Amino acid sequence: MKNIVAGREPVTATEFIELALGIDLELFTGSATESSMERAARLDVAHEVLADLRESDPETAAYAASLLRTLPLRAQPHGRRPHRTVRRPAKPRTVSAVAA
């Protein structure tokens with residue numbers, strides 16, 4: 001079964017949440033690349049939207065408020081997971097005994 005919200009078919013879980021709740025997640029979570037000036041402007045708008053949501057939809061407002069406390073979203077290129085590297089501890093150095 002396809003999930004269609006307001007005539008649009010979401011591709012990712014994030015898109016589904018945005019369409020179902022009617023809020024832009026990035027407005028509340030931010031971007032990892034935004035400047036401090038962009039962040040201040042975004043937070044001003046987010047707080048205004050949050051005030052309106054508290055009056056019209058308290059449940060969605062609570063969810064949006066929790067998003068304000070999260071770290072900025074990082075864009076995932078082409079839906080791929082970031083490459084993880086494994087760091088192995090260095091081998092302990094052995095001290096050879098020198099006969100005196």
# chains A, B, ... in the order shown; residues from 1 in each chain; ligands from 1

$ residues_around --residues "stretch 58-64 of chain A" --least-positions-apart "5" --cutoff "10 Å" --atoms "only C-alpha atoms" --output "NGL selection string"
:A and (21-25 or 27-29 or 46-47 or 49-53 or 69)

$ write_last_selection --atoms "N, CA and C atoms" --output "mmCIF file, in the first residue's frame"
data_model
loop_
_atom_site.group_PDB
_atom_site.id
_atom_site.type_symbol
_atom_site.label_atom_id
_atom_site.label_comp_id
_atom_site.auth_asym_id
_atom_site.auth_seq_id
_atom_site.Cartn_x
_atom_site.Cartn_y
_atom_site.Cartn_z
ATOM 1 N N LEU A 21 2.600 16.041 9.481
ATOM 2 C CA LEU A 21 2.458 17.043 10.536
ATOM 3 C C LEU A 21 2.325 18.462 9.999
ATOM 4 N N GLY A 22 2.744 18.669 8.767
ATOM 5 C CA GLY A 22 2.657 19.997 8.184
ATOM 6 C C GLY A 22 3.724 20.951 8.677
ATOM 7 N N ILE A 23 4.852 20.413 9.143
ATOM 8 C CA ILE A 23 5.951 21.269 9.599
ATOM 9 C C ILE A 23 7.230 20.879 8.870
ATOM 10 N N ASP A 24 8.096 21.846 8.708
ATOM 11 C CA ASP A 24 9.396 21.613 8.086
ATOM 12 C C ASP A 24 10.382 21.247 9.197
ATOM 13 N N LEU A 25 10.876 20.032 9.182
ATOM 14 C CA LEU A 25 11.767 19.577 10.245
ATOM 15 C C LEU A 25 13.039 20.412 10.328
ATOM 16 N N LEU A 27 13.396 23.485 9.867
ATOM 17 C CA LEU A 27 13.137 24.739 10.572
ATOM 18 C C LEU A 27 13.443 24.589 12.059
ATOM 19 N N PHE A 28 13.160 23.422 12.613
ATOM 20 C CA PHE A 28 13.358 23.197 14.033
ATOM 21 C C PHE A 28 14.697 22.544 14.369
ATOM 22 N N THR A 29 15.267 21.798 13.411
ATOM 23 C CA THR A 29 16.525 21.113 13.691
ATOM 24 C C THR A 29 17.745 21.853 13.163
ATOM 25 N N ALA A 46 11.200 29.782 13.999
ATOM 26 C CA ALA A 46 10.775 28.533 14.642
ATOM 27 C C ALA A 46 9.988 28.810 15.918
ATOM 28 N N HIS A 47 10.417 29.786 16.702
ATOM 29 C CA HIS A 47 9.704 30.106 17.941
ATOM 30 C C HIS A 47 8.328 30.714 17.648
ATOM 31 N N VAL A 49 6.478 30.016 14.922
ATOM 32 C CA VAL A 49 5.677 28.886 14.456
ATOM 33 C C VAL A 49 5.273 28.017 15.648
ATOM 34 N N LEU A 50 6.190 27.814 16.574
ATOM 35 C CA LEU A 50 5.908 27.008 17.758
ATOM 36 C C LEU A 50 4.798 27.636 18.606
ATOM 37 N N ALA A 51 4.806 28.951 18.742
ATOM 38 C CA ALA A 51 3.752 29.640 19.501
ATOM 39 C C ALA A 51 2.392 29.422 18.846
ATOM 40 N N ASP A 52 2.337 29.503 17.512
ATOM 41 C CA ASP A 52 1.079 29.249 16.800
ATOM 42 C C ASP A 52 0.644 27.793 16.949
ATOM 43 N N LEU A 53 1.596 26.878 16.873
ATOM 44 C CA LEU A 53 1.280 25.455 17.009
ATOM 45 C C LEU A 53 0.720 25.129 18.397
ATOM 46 N N ARG A 69 15.638 20.896 20.506
ATOM 47 C CA ARG A 69 16.714 20.469 21.413
ATOM 48 C C ARG A 69 17.661 19.459 20.780
#

$ closest_residue --among "A:Thr70, A:Glu9, A:Arg54, A:Phe16" --to "A:Ala32" --atoms "only C-alpha atoms"
A:Thr70

$ select_by_dssp --residues "stretch 12-65 of chain A" --states "alpha helix (DSSP H)" --output "JSON, numbers by chain"
{"A": [13, 14, 15, 16, 17, 18, 19, 20, 21, 25, 26, 27, 28, 29, 36, 37, 38, 39, 40, 41, 42, 43, 44, 45, 46, 47, 48, 49, 50, 51, 52, 53, 54, 55, 56, 58, 59, 60, 61, 62, 63, 64, 65]}

$ write_last_selection --atoms "C-alpha atoms" --output "PDB file, in the first residue's frame"
ATOM      1  CA  ALA A  13      10.487   8.869   6.697  1.00  0.00           C
ATOM      2  CA  THR A  14      11.439  12.518   7.139  1.00  0.00           C
ATOM      3  CA  GLU A  15       9.285  13.548   4.179  1.00  0.00           C
ATOM      4  CA  PHE A  16       6.386  11.513   5.564  1.00  0.00           C
ATOM      5  CA  ILE A  17       6.635  13.276   8.937  1.00  0.00           C
ATOM      6  CA  GLU A  18       6.848  16.689   7.271  1.00  0.00           C
ATOM      7  CA  LEU A  19       3.773  16.009   5.141  1.00  0.00           C
ATOM      8  CA  ALA A  20       1.770  14.363   7.915  1.00  0.00           C
ATOM      9  CA  LEU A  21       2.458  17.043  10.536  1.00  0.00           C
ATOM     10  CA  LEU A  25      11.767  19.577  10.245  1.00  0.00           C
ATOM     11  CA  GLU A  26      14.806  21.606   9.194  1.00  0.00           C
ATOM     12  CA  LEU A  27      13.137  24.739  10.572  1.00  0.00           C
ATOM     13  CA  PHE A  28      13.358  23.197  14.033  1.00  0.00           C
ATOM     14  CA  THR A  29      16.525  21.113  13.691  1.00  0.00           C
ATOM     15  CA  SER A  36      25.280  31.965  13.333  1.00  0.00           C
ATOM     16  CA  MET A  37      23.222  34.695  11.646  1.00  0.00           C
ATOM     17  CA  GLU A  38      21.164  32.120   9.716  1.00  0.00           C
ATOM     18  CA  ARG A  39      20.683  30.129  12.921  1.00  0.00           C
ATOM     19  CA  ALA A  40      19.395  33.185  14.796  1.00  0.00           C
ATOM     20  CA  ALA A  41      16.922  34.001  12.000  1.00  0.00           C
ATOM     21  CA  ARG A  42      15.762  30.364  11.770  1.00  0.00           C
ATOM     22  CA  LEU A  43      15.232  30.141  15.531  1.00  0.00           C
ATOM     23  CA  ASP A  44      13.193  33.382  15.524  1.00  0.00           C
ATOM     24  CA  VAL A  45      10.848  31.936  12.915  1.00  0.00           C
ATOM     25  CA  ALA A  46      10.775  28.533  14.642  1.00  0.00           C
ATOM     26  CA  HIS A  47       9.704  30.106  17.941  1.00  0.00           C
ATOM     27  CA  GLU A  48       6.898  32.045  16.188  1.00  0.00           C
ATOM     28  CA  VAL A  49       5.677  28.886  14.456  1.00  0.00           C
ATOM     29  CA  LEU A  50       5.908  27.008  17.758  1.00  0.00           C
ATOM     30  CA  ALA A  51       3.752  29.640  19.501  1.00  0.00           C
ATOM     31  CA  ASP A  52       1.079  29.249  16.800  1.00  0.00           C
ATOM     32  CA  LEU A  53       1.280  25.455  17.009  1.00  0.00           C
ATOM     33  CA  ARG A  54       0.763  25.499  20.779  1.00  0.00           C
ATOM     34  CA  GLU A  55      -2.604  27.170  20.216  1.00  0.00           C
ATOM     35  CA  SER A  56      -3.757  25.027  17.295  1.00  0.00           C
ATOM     36  CA  PRO A  58      -0.420  21.054  21.210  1.00  0.00           C
ATOM     37  CA  GLU A  59       0.743  17.521  20.324  1.00  0.00           C
ATOM     38  CA  THR A  60       2.606  18.658  17.203  1.00  0.00           C
ATOM     39  CA  ALA A  61       3.933  21.641  19.181  1.00  0.00           C
ATOM     40  CA  ALA A  62       5.431  19.282  21.766  1.00  0.00           C
ATOM     41  CA  TYR A  63       7.125  17.302  18.988  1.00  0.00           C
ATOM     42  CA  ALA A  64       8.445  20.498  17.350  1.00  0.00           C
ATOM     43  CA  ALA A  65       9.745  21.761  20.711  1.00  0.00           C
TER      44      ALA A  65
END
